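Structure data (compact mmCIF, C-alpha atoms and all ligand atoms) from my_file03.txt:
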# COMPACT_ATOMS: atom_id res chain seq x y z
CA MET A 15 -37.78 10.74 -6.60
CA ALA A 16 -34.08 10.28 -5.94
CA LEU A 17 -32.45 11.85 -2.93
CA ILE A 18 -29.93 14.43 -4.12
CA ILE A 19 -27.05 14.06 -1.67
CA ASP A 20 -25.98 17.61 -0.91
CA GLY A 21 -22.25 17.35 -0.25
CA LYS A 22 -21.94 21.09 0.15
CA ILE A 23 -24.36 21.26 3.09
CA ILE A 24 -22.93 18.13 4.74
CA ALA A 25 -19.38 19.49 4.33
CA GLU A 26 -20.46 22.84 5.81
CA GLN A 27 -21.86 21.00 8.82
CA ILE A 28 -18.59 19.07 9.29
CA ARG A 29 -16.53 22.26 8.93
CA PHE A 30 -18.73 23.96 11.53
CA GLU A 31 -18.14 21.04 13.92
CA ILE A 32 -14.37 21.21 13.29
CA LYS A 33 -14.29 24.98 13.87
CA ASN A 34 -15.96 24.48 17.27
CA LYS A 35 -13.67 21.58 18.22
CA THR A 36 -10.66 23.69 17.17
CA GLU A 37 -11.67 26.61 19.40
CA LYS A 38 -11.93 24.17 22.30
CA LEU A 39 -8.58 22.53 21.51
CA LEU A 40 -6.84 25.90 21.53
CA ALA A 41 -8.56 27.05 24.73
CA GLU A 42 -8.04 23.80 26.66
CA ARG A 43 -4.73 22.46 25.37
CA GLY A 44 -3.15 25.47 23.60
CA ILE A 45 -2.98 23.55 20.32
CA LYS A 46 -3.77 25.16 16.96
CA PRO A 47 -3.96 22.59 14.14
CA GLY A 48 -1.49 23.48 11.38
CA LEU A 49 -1.51 22.40 7.73
CA ALA A 50 1.41 22.96 5.36
CA VAL A 51 0.74 22.70 1.64
CA LEU A 52 3.31 22.55 -1.14
CA LEU A 53 2.20 23.62 -4.61
CA ILE A 54 4.67 23.30 -7.46
CA GLY A 55 4.17 24.93 -10.85
CA GLU A 56 1.22 26.60 -12.52
CA ASN A 57 -1.40 23.83 -12.96
CA PRO A 58 -4.68 25.85 -12.95
CA ALA A 59 -6.79 23.13 -11.28
CA SER A 60 -4.16 22.62 -8.56
CA GLN A 61 -4.10 26.36 -7.91
CA VAL A 62 -7.87 26.41 -7.43
CA TYR A 63 -7.76 23.37 -5.10
CA VAL A 64 -4.93 24.79 -2.99
CA ARG A 65 -6.66 28.16 -2.63
CA ALA A 66 -9.81 26.38 -1.46
CA LYS A 67 -7.82 24.32 1.09
CA GLU A 68 -6.09 27.45 2.38
CA LYS A 69 -9.40 29.27 2.81
CA ALA A 70 -11.00 26.30 4.59
CA CYS A 71 -8.06 26.08 7.03
CA VAL A 72 -8.25 29.75 7.92
CA GLU A 73 -12.03 29.55 8.41
CA ALA A 74 -11.64 26.54 10.72
CA GLY A 75 -9.17 28.49 12.88
CA PHE A 76 -6.12 26.48 11.71
CA TYR A 77 -2.59 27.69 11.08
CA SER A 78 -2.22 27.53 7.29
CA LEU A 79 1.10 27.59 5.45
CA VAL A 80 1.19 27.42 1.65
CA ILE A 81 4.52 27.34 -0.16
CA ARG A 82 4.47 27.82 -3.91
CA MET A 83 7.55 26.69 -5.83
CA PRO A 84 8.34 27.17 -9.54
CA GLU A 85 8.00 24.27 -11.99
CA ALA A 86 11.80 24.05 -12.32
CA VAL A 87 12.46 23.46 -8.61
CA SER A 88 14.84 20.56 -7.92
CA GLU A 89 13.76 17.33 -6.25
CA ASN A 90 16.29 17.96 -3.47
CA GLU A 91 14.75 21.34 -2.64
CA VAL A 92 11.34 19.71 -2.39
CA LEU A 93 12.59 16.88 -0.19
CA SER A 94 14.44 19.22 2.19
CA LEU A 95 11.36 21.45 2.61
CA ILE A 96 9.22 18.39 3.48
CA LYS A 97 11.92 17.20 5.89
CA SER A 98 11.85 20.56 7.70
CA TRP A 99 8.03 20.32 8.03
CA ASN A 100 8.32 16.80 9.45
CA THR A 101 10.04 18.22 12.54
CA ASP A 102 8.10 21.51 12.83
CA ASN A 103 5.84 21.31 15.89
CA ASN A 104 3.42 23.93 14.51
CA ILE A 105 2.66 21.71 11.53
CA HIS A 106 0.43 18.68 12.07
CA GLY A 107 -0.43 17.97 8.46
CA ILE A 108 1.65 18.02 5.28
CA LEU A 109 0.13 17.97 1.81
CA VAL A 110 2.00 17.93 -1.48
CA GLN A 111 -0.46 18.89 -4.18
CA LEU A 112 -0.45 16.42 -7.08
CA PRO A 113 0.36 16.09 -9.93
CA LEU A 114 4.05 16.98 -9.63
CA PRO A 115 6.30 18.06 -12.51
CA LYS A 116 7.74 15.06 -14.37
CA HIS A 117 11.31 15.51 -13.08
CA ILE A 118 10.16 15.04 -9.47
CA ASP A 119 9.57 11.45 -8.38
CA GLU A 120 6.06 11.45 -6.88
CA MET A 121 6.54 8.36 -4.74
CA LYS A 122 9.86 9.69 -3.41
CA ALA A 123 8.13 12.91 -2.35
CA LEU A 124 5.21 11.05 -0.72
CA LEU A 125 7.59 8.66 1.07
CA SER A 126 9.49 11.63 2.53
CA ILE A 127 6.37 12.85 4.38
CA SER A 128 6.21 11.60 7.97
CA PRO A 129 3.33 9.04 8.08
CA GLN A 130 2.22 10.80 11.31
CA LYS A 131 1.64 14.04 9.34
CA ASP A 132 0.38 12.46 6.10
CA VAL A 133 -3.12 13.98 6.15
CA ASP A 134 -3.67 13.01 2.50
CA GLY A 135 -3.21 9.36 3.50
CA PHE A 136 -1.07 8.66 0.42
CA HIS A 137 2.01 7.31 2.25
CA PRO A 138 2.30 3.53 1.74
CA GLU A 139 2.36 3.11 5.54
CA ASN A 140 -1.10 4.67 5.81
CA ILE A 141 -2.37 2.71 2.81
CA GLY A 142 -1.09 -0.47 4.49
CA ARG A 143 -2.79 0.49 7.76
CA LEU A 144 -6.05 0.97 5.86
CA VAL A 145 -5.78 -2.44 4.20
CA VAL A 146 -5.24 -4.33 7.47
CA GLY A 147 -7.75 -2.22 9.43
CA LEU A 148 -5.27 -0.36 11.67
CA PRO A 149 -5.92 3.29 12.58
CA GLY A 150 -4.19 5.81 10.33
CA PHE A 151 -4.88 8.57 7.84
CA VAL A 152 -7.46 7.73 5.18
CA PRO A 153 -7.33 9.57 1.81
CA CYS A 154 -9.76 12.47 1.89
CA THR A 155 -12.03 11.80 -1.09
CA PRO A 156 -12.84 8.16 -0.20
CA ALA A 157 -13.16 9.15 3.48
CA GLY A 158 -15.58 11.90 2.43
CA ILE A 159 -17.66 9.42 0.43
CA MET A 160 -17.90 7.07 3.45
CA GLU A 161 -19.02 10.07 5.52
CA LEU A 162 -21.74 10.85 2.95
CA PHE A 163 -23.08 7.29 3.31
CA LYS A 164 -23.00 7.59 7.10
CA ARG A 165 -24.67 10.98 7.31
CA THR A 166 -27.43 10.07 4.83
CA ASN A 167 -28.04 6.67 6.48
CA ILE A 168 -27.14 4.67 3.40
CA LEU A 169 -26.14 1.23 4.67
CA LEU A 170 -23.64 -0.74 2.61
CA SER A 171 -23.55 -4.02 4.48
CA GLY A 172 -24.12 -6.89 2.04
CA LYS A 173 -24.65 -4.46 -0.86
CA HIS A 174 -22.79 -4.77 -4.14
CA VAL A 175 -20.71 -1.63 -4.68
CA VAL A 176 -19.07 -1.13 -8.07
CA VAL A 177 -16.15 1.30 -8.19
CA VAL A 178 -15.06 2.48 -11.62
CA GLY A 179 -11.45 3.69 -11.51
CA ARG A 180 -8.36 2.32 -9.72
CA SER A 181 -6.33 5.45 -8.92
CA ASN A 182 -4.18 5.61 -5.79
CA ILE A 183 -6.15 8.73 -4.72
CA VAL A 184 -9.71 7.40 -5.07
CA GLY A 185 -10.32 3.90 -6.46
CA LYS A 186 -7.83 1.82 -4.45
CA PRO A 187 -8.47 3.38 -1.02
CA MET A 188 -12.23 3.38 -1.74
CA LEU A 189 -12.15 -0.36 -2.40
CA ASN A 190 -10.26 -0.95 0.84
CA LEU A 191 -12.71 1.10 2.92
CA LEU A 192 -15.79 -0.53 1.44
CA TYR A 193 -15.01 -4.17 2.24
CA GLN A 194 -13.85 -3.58 5.85
CA LYS A 195 -15.75 -5.55 8.45
CA SER A 196 -17.45 -2.61 10.16
CA LYS A 197 -20.93 -1.24 10.69
CA HIS A 198 -20.68 1.37 7.97
CA ALA A 199 -18.88 -0.77 5.37
CA ASN A 200 -19.05 -4.57 4.94
CA ALA A 201 -19.89 -4.26 1.24
CA ILE A 202 -19.20 -6.64 -1.63
CA VAL A 203 -16.96 -4.72 -4.00
CA THR A 204 -16.17 -4.89 -7.71
CA ILE A 205 -13.54 -2.61 -9.19
CA CYS A 206 -13.58 -1.77 -12.91
CA HIS A 207 -10.73 -0.09 -14.76
CA THR A 208 -9.26 0.47 -18.22
CA GLY A 209 -8.77 -3.28 -18.55
CA THR A 210 -12.52 -3.90 -18.14
CA LYS A 211 -13.89 -4.56 -21.64
CA ASN A 212 -17.60 -4.26 -20.86
CA ILE A 213 -18.01 -1.84 -17.96
CA ARG A 214 -21.81 -1.81 -18.33
CA MET A 215 -21.97 -5.55 -17.57
CA PHE A 216 -20.74 -4.67 -14.04
CA THR A 217 -22.27 -1.23 -13.44
CA LYS A 218 -25.74 -2.59 -14.25
CA GLU A 219 -25.34 -5.00 -11.34
CA ALA A 220 -24.41 -2.26 -8.84
CA ASP A 221 -26.56 -1.44 -5.81
CA VAL A 222 -24.12 1.44 -5.33
CA LEU A 223 -22.03 2.88 -8.14
CA ILE A 224 -18.95 5.02 -7.48
CA ALA A 225 -17.69 6.69 -10.67
CA ALA A 226 -14.09 7.94 -10.58
CA ILE A 227 -13.28 7.69 -14.26
CA GLY A 228 -12.37 11.20 -15.37
CA VAL A 229 -14.54 11.18 -18.51
CA ALA A 230 -17.47 13.59 -18.72
CA HIS A 231 -20.90 11.91 -18.72
CA ARG A 232 -19.38 8.42 -19.16
CA ILE A 233 -22.23 6.79 -17.17
CA GLY A 234 -25.70 7.06 -18.69
CA ALA A 235 -29.16 5.67 -17.93
CA ASP A 236 -28.43 2.36 -19.70
CA ASP A 237 -25.41 1.74 -17.47
CA VAL A 238 -27.36 1.50 -14.19
CA LYS A 239 -30.21 -0.45 -12.67
CA GLU A 240 -33.37 0.97 -11.12
CA GLY A 241 -32.88 2.16 -7.52
CA VAL A 242 -29.09 2.53 -7.71
CA VAL A 243 -27.19 4.86 -5.37
CA VAL A 244 -24.76 6.92 -7.45
CA ILE A 245 -21.63 8.67 -6.19
CA ASP A 246 -20.01 10.84 -8.85
CA VAL A 247 -16.35 11.69 -8.20
CA GLY A 248 -15.80 13.22 -11.65
CA MET A 249 -14.69 16.84 -12.09
CA ASN A 250 -14.61 17.42 -15.83
CA LYS A 251 -14.57 20.78 -17.56
CA ILE A 252 -16.66 20.85 -20.73
CA VAL A 253 -17.28 23.61 -23.26
CA ASP A 254 -20.53 25.50 -22.62
CA SER A 255 -21.04 28.74 -24.51
CA SER A 256 -24.02 29.68 -22.31
CA THR A 257 -21.75 30.32 -19.29
CA LYS A 258 -19.59 33.39 -18.65
CA SER A 259 -16.35 31.39 -18.62
CA GLY A 260 -17.35 29.34 -21.68
CA THR A 261 -16.90 26.11 -19.69
CA ARG A 262 -18.87 24.09 -17.15
CA LEU A 263 -17.94 21.53 -14.50
CA VAL A 264 -19.64 18.16 -14.96
CA GLY A 265 -19.27 14.71 -13.45
CA ASP A 266 -18.57 11.26 -14.87
CA VAL A 267 -22.30 10.59 -14.63
CA ASP A 268 -24.93 12.13 -16.91
CA PHE A 269 -27.02 13.45 -14.02
CA ASN A 270 -30.17 14.21 -16.01
CA GLU A 271 -30.22 10.72 -17.54
CA VAL A 272 -29.40 8.77 -14.39
CA PHE A 273 -31.42 10.76 -11.82
CA PRO A 274 -34.83 9.23 -12.74
CA LYS A 275 -33.49 5.68 -12.18
CA ALA A 276 -31.51 6.40 -8.99
CA SER A 277 -32.66 6.24 -5.37
CA ALA A 278 -29.89 8.66 -4.34
CA ILE A 279 -27.27 10.58 -6.31
CA THR A 280 -24.53 13.15 -5.75
CA PRO A 281 -24.52 16.17 -8.07
CA VAL A 282 -21.44 17.85 -9.59
CA PRO A 283 -20.60 20.42 -8.34
CA LYS A 284 -21.75 20.35 -4.68
CA GLY A 285 -21.41 16.59 -4.26
CA VAL A 286 -18.19 14.78 -3.40
CA GLY A 287 -15.86 17.77 -4.01
CA PRO A 288 -16.65 19.77 -0.84
CA MET A 289 -16.32 16.59 1.26
CA THR A 290 -12.66 16.16 0.27
CA ILE A 291 -11.73 19.46 1.93
CA ALA A 292 -13.88 18.75 4.99
CA MET A 293 -12.04 15.45 5.51
CA LEU A 294 -8.66 17.13 5.04
CA LEU A 295 -9.58 19.44 7.92
CA GLU A 296 -10.77 16.47 9.99
CA ASN A 297 -7.51 14.58 9.35
CA THR A 298 -5.45 17.64 10.27
CA TYR A 299 -7.50 18.22 13.42
CA ARG A 300 -7.09 14.59 14.48
CA SER A 301 -3.36 14.77 13.79
CA ALA A 302 -3.14 17.82 16.06
CA THR A 303 -4.96 16.10 18.91
CA GLY A 304 -2.72 13.04 18.53
CA GLU A 305 -5.73 10.72 18.36
CA ILE A 306 -5.13 9.44 14.85
CA PHE A 307 -2.87 6.45 15.51
CA VAL A 308 -4.60 5.43 18.74
CA LYS A 309 -7.58 3.12 18.57
N1 LIG B 1 -4.63 16.22 -6.63
C1 LIG B 1 -5.92 15.88 -6.88
N2 LIG B 1 -6.53 15.49 -5.76
C2 LIG B 1 -5.63 15.59 -4.75
C3 LIG B 1 -5.67 15.34 -3.36
O1 LIG B 1 -6.67 14.91 -2.78
N3 LIG B 1 -4.51 15.58 -2.69
C4 LIG B 1 -3.38 16.01 -3.30
N4 LIG B 1 -2.29 16.20 -2.55
N5 LIG B 1 -3.30 16.25 -4.59
C5 LIG B 1 -4.42 16.04 -5.32
Could you write out this structure as C-alpha cells?
Amino acid sequence: MALIIDGKIIAEQIRFEIKNKTEKLLAERGIKPGLAVLLIGENPASQVYVRAKEKACVEAGFYSLVIRMPEAVSENEVLSLIKSWNTDNNIHGILVQLPLPKHIDEMKALLSISPQKDVDGFHPENIGRLVVGLPGFVPCTPAGIMELFKRTNILLSGKHVVVVGRSNIVGKPMLNLLYQKSKHANAIVTICHTGTKNIRMFTKEADVLIAAIGVAHRIGADDVKEGVVVIDVGMNKIVDSSTKSGTRLVGDVDFNEVFPKASAITPVPKGVGPMTIAMLLENTYRSATGEIFVK
C-alpha cells in the first residue's frame, strides 16, 4: 500500500510551529512579520490564492497587507508601489501575484522587488543564490516539496528524480534544489519539457517523479515504474457534474491509476498546494528575523 503524503496535515503542523515562533518573536524582539501582496486584475484562481495567503498570514499572527489594483493599472504605478514597500520597515515580504496583465513586464516587476524581501524567491538574485548554494529565498512550491520529503523521511541521495515541467516557479528551482550536495538532496535529476518527444521513456525510469505539467491526468499507470514516489504539483479544474460547482480539482497524475504502483504519492487537493502557503509563511518569518541571508 502506498503512503499517501498528507500535505494538508504537514502544512498545518508547520503553520502551528510558525505561529508559536511568531508569538515569541513579537514578545522578545517586538517584531511582527509583515507580508505585502499585490493582486492585479480579476483572475479567479489568483483571487482564491491571494485570499488563502491573506488568511494564513492573519492566522500566523503576521501583519498582512493586500493591495488589489485594476487590470488597467500602469506599469509605473505598480513599480512605485513595490518601491515604497521595499523601504517600509513593517513589510518583510513582498509578493506580486502572477500572472500579470500583458502590458506589465513580469520580469521588470520581479526585478523591482528587493531581493531581501523577495519571499517568492523569483528574483534572479535569489535564483542565482540557489544555483550556487548560497543562502537566500527559495520559491515556495519547490521548497514545500523538499519539506515533504524531509518530513516523511524520503531520502533522495543517489535516487533518480524526474521533473516534468520547466517553469520558473516550479521546474527550474526544483531541479536546482534536488541536485545540491546536501543531506536531503543529492539526487540525480532529469528534466522533461515540451521538447521531450517521449516523456514516458524518462518517467518510467524515475525513482521519484515530480509532475508539474498543467494537464489533468497526464501521468497514468503505464508512465511509472513499480515503487515510484509521486509528487503531483498539478491543479487542474475539470468538469464534474456530480459536484455542486460542476467542476473538480485534479492533478497531473491519475491518482487512482498510479496509486497501486506507487510507494508514496501526494493527492490533489491536500498534497503540494497547502505546502506552498506554509513555505511562504516560513520565508516571511525568516525575512523578519533577518536570518535568511546568513548561513
Ligand atoms: N502564481 C501561481 N503560483 C504563484 C506563486 O507561487 N507566487 C506568485 N507570486 N504567483 C503565483
Item to check | Selected residue, from A:Gly234, A:Pro84, A:Pro187, A:Gly150, that lies nearest to ligand LIG 1 (chain B) when counting all atoms listed in the file | outcome: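 Smallest separation from ligand LIG 1 (chain B) among the options: A:Pro187.
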Checklist entry - Between CA of Val247 in chain A and CA of Val184 in chain A, what is the spacing in Å? => result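 Separation between CA of Val184 in chain A and CA of Val247 in chain A: 8.5 Å.
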Checklist entry - So which residues are near ligand LIG 1 (chain B), meaning at most 10 Å away with all atoms listed in the file counted, given back as JSON, numbers by chain? => result {"A": [51, 52, 53, 59, 60, 63, 64, 108, 109, 110, 111, 112, 113, 114, 124, 132, 133, 134, 135, 136, 153, 154, 155, 156, 183, 184, 287, 290, 291, 293, 294]}
Next on the checklist: At a cut-off of 9 Å, using only C-alpha atoms, what residues contact Glu68 in chain A? Leave out same-chain residues fewer than 6 positions from it and give the result as a ChimeraX atom specification.
Outcome noted: /A:49,51,78-80
For range 161-171 of chain A, I'd like the enclosing box, axis-aligned and padded by 4 Å on every side, reported as JSON with centre and edge lengths in Å to one decimal.
{"center_x": -23.5, "center_y": 3.5, "center_z": 5.0, "size_x": 17.0, "size_y": 23.0, "size_z": 12.7}
Name all residues at most 9 Å from Asp237 in chain A (count only C-alpha atoms; drop same-chain ones fewer than 2 positions away) and give them as a PDB file with C-alpha atoms, keeping the file's coordinate frame.
ATOM      1  CA  ILE A 213     -18.010  -1.840 -17.960  1.00  0.00           C
ATOM      2  CA  ARG A 214     -21.810  -1.810 -18.330  1.00  0.00           C
ATOM      3  CA  MET A 215     -21.970  -5.550 -17.570  1.00  0.00           C
ATOM      4  CA  PHE A 216     -20.740  -4.670 -14.040  1.00  0.00           C
ATOM      5  CA  THR A 217     -22.270  -1.230 -13.440  1.00  0.00           C
ATOM      6  CA  LYS A 218     -25.740  -2.590 -14.250  1.00  0.00           C
ATOM      7  CA  ILE A 233     -22.230   6.790 -17.170  1.00  0.00           C
ATOM      8  CA  GLY A 234     -25.700   7.060 -18.690  1.00  0.00           C
ATOM      9  CA  ALA A 235     -29.160   5.670 -17.930  1.00  0.00           C
ATOM     10  CA  LYS A 239     -30.210  -0.450 -12.670  1.00  0.00           C
ATOM     11  CA  VAL A 272     -29.400   8.770 -14.390  1.00  0.00           C
TER      12      VAL A 272
END
What are the closest atom pairs, with distances in Å to one decimal, for each residue of range 185-284 of chain A lying within 7 Å of range 15-18 of chain A, using only C-alpha atoms, rows by chain and rising residue number, as CSV?
residue,atom,partner,partner_atom,distance
A:Phe273,CA,A:Ala16,CA,6.5
A:Pro274,CA,A:Ala16,CA,6.9
A:Ala276,CA,A:Ala16,CA,5.6
A:Ser277,CA,A:Ala16,CA,4.3
A:Ala278,CA,A:Leu17,CA,4.3
A:Ile279,CA,A:Ile18,CA,5.2
A:Thr280,CA,A:Ile18,CA,5.8
A:Pro281,CA,A:Ile18,CA,6.9
Item to check | Pick from A:Val238, A:Ala230, A:Met83, A:Ile159, whichever lies nearest to Ala199 in chain A using all atoms listed in the file | outcome: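 Nearest candidate to Ala199 in chain A out of A:Val238, A:Ala230, A:Met83, A:Ile159: A:Ile159.
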Item to check | Nearest to Lys38 in chain A by atom-to-atom distance, counting only C-alpha atoms, from A:Thr101, A:Thr208, A:Thr303, A:Asn200 | outcome: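 Checking each of A:Thr101, A:Thr208, A:Thr303, A:Asn200 against Lys38 in chain A, counting only C-alpha atoms, the winner is A:Thr303.
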Checklist entry - Hey, can you check how far CA of Ser259 in chain A sits from CA of Asn57 in chain A? => result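 Taking CA of Ser259 in chain A and CA of Asn57 in chain A, their separation equals 17.7 Å.
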Next on the checklist: Let me make sure I understand: among A:Glu56, A:Ser126, A:Val308, A:Ala292, which one has the smallest atom-to-atom distance to Ile23 in chain A if we use only C-alpha atoms?
Outcome noted: A:Ala292
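With all atoms listed in the file as the atoms that count, the minimum distance from Lys22 in chain A to the choices A:Asn34, A:Gly158, A:Gly185, A:Ala201 is reached by A:Gly158.
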Checklist entry - With distances taken over only C-alpha atoms, which of A:Pro115, A:Tyr299, A:Arg29, A:Pro149 is nearest to Ile54 in chain A? => result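 Comparing A:Pro115, A:Tyr299, A:Arg29, A:Pro149 against Ile54 in chain A, the winner is A:Pro115.
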Item to check | Length of the CA of Glu271 in chain A to CA of Thr210 in chain A vector [Å] | outcome: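 Atom-to-atom, CA of Glu271 in chain A to CA of Thr210 in chain A, that is 23.0 Å.
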Long-range neighbours of range 223-228 of chain A as a short mmCIF file (atom, residue, chain, number, x, y, z; two decimals) with C-alpha atoms, keeping the file's coordinate frame, 8 Å cut-off, only C-alpha atoms, 2 positions minimum in chain:
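out-v6.cif was written with the following content:
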data_model
loop_
_atom_site.label_atom_id
_atom_site.label_comp_id
_atom_site.auth_asym_id
_atom_site.auth_seq_id
_atom_site.Cartn_x
_atom_site.Cartn_y
_atom_site.Cartn_z
CA VAL A 175 -20.71 -1.63 -4.68
CA VAL A 176 -19.07 -1.13 -8.07
CA VAL A 177 -16.15 1.30 -8.19
CA VAL A 178 -15.06 2.48 -11.62
CA GLY A 179 -11.45 3.69 -11.51
CA VAL A 184 -9.71 7.40 -5.07
CA GLY A 185 -10.32 3.90 -6.46
CA THR A 217 -22.27 -1.23 -13.44
CA ALA A 220 -24.41 -2.26 -8.84
CA ASP A 221 -26.56 -1.44 -5.81
CA ALA A 230 -17.47 13.59 -18.72
CA ARG A 232 -19.38 8.42 -19.16
CA ILE A 233 -22.23 6.79 -17.17
CA VAL A 242 -29.09 2.53 -7.71
CA VAL A 243 -27.19 4.86 -5.37
CA VAL A 244 -24.76 6.92 -7.45
CA ILE A 245 -21.63 8.67 -6.19
CA ASP A 246 -20.01 10.84 -8.85
CA VAL A 247 -16.35 11.69 -8.20
CA GLY A 248 -15.80 13.22 -11.65
CA MET A 249 -14.69 16.84 -12.09
CA ASN A 250 -14.61 17.42 -15.83
CA GLY A 265 -19.27 14.71 -13.45
CA ASP A 266 -18.57 11.26 -14.87
CA VAL A 267 -22.30 10.59 -14.63
#
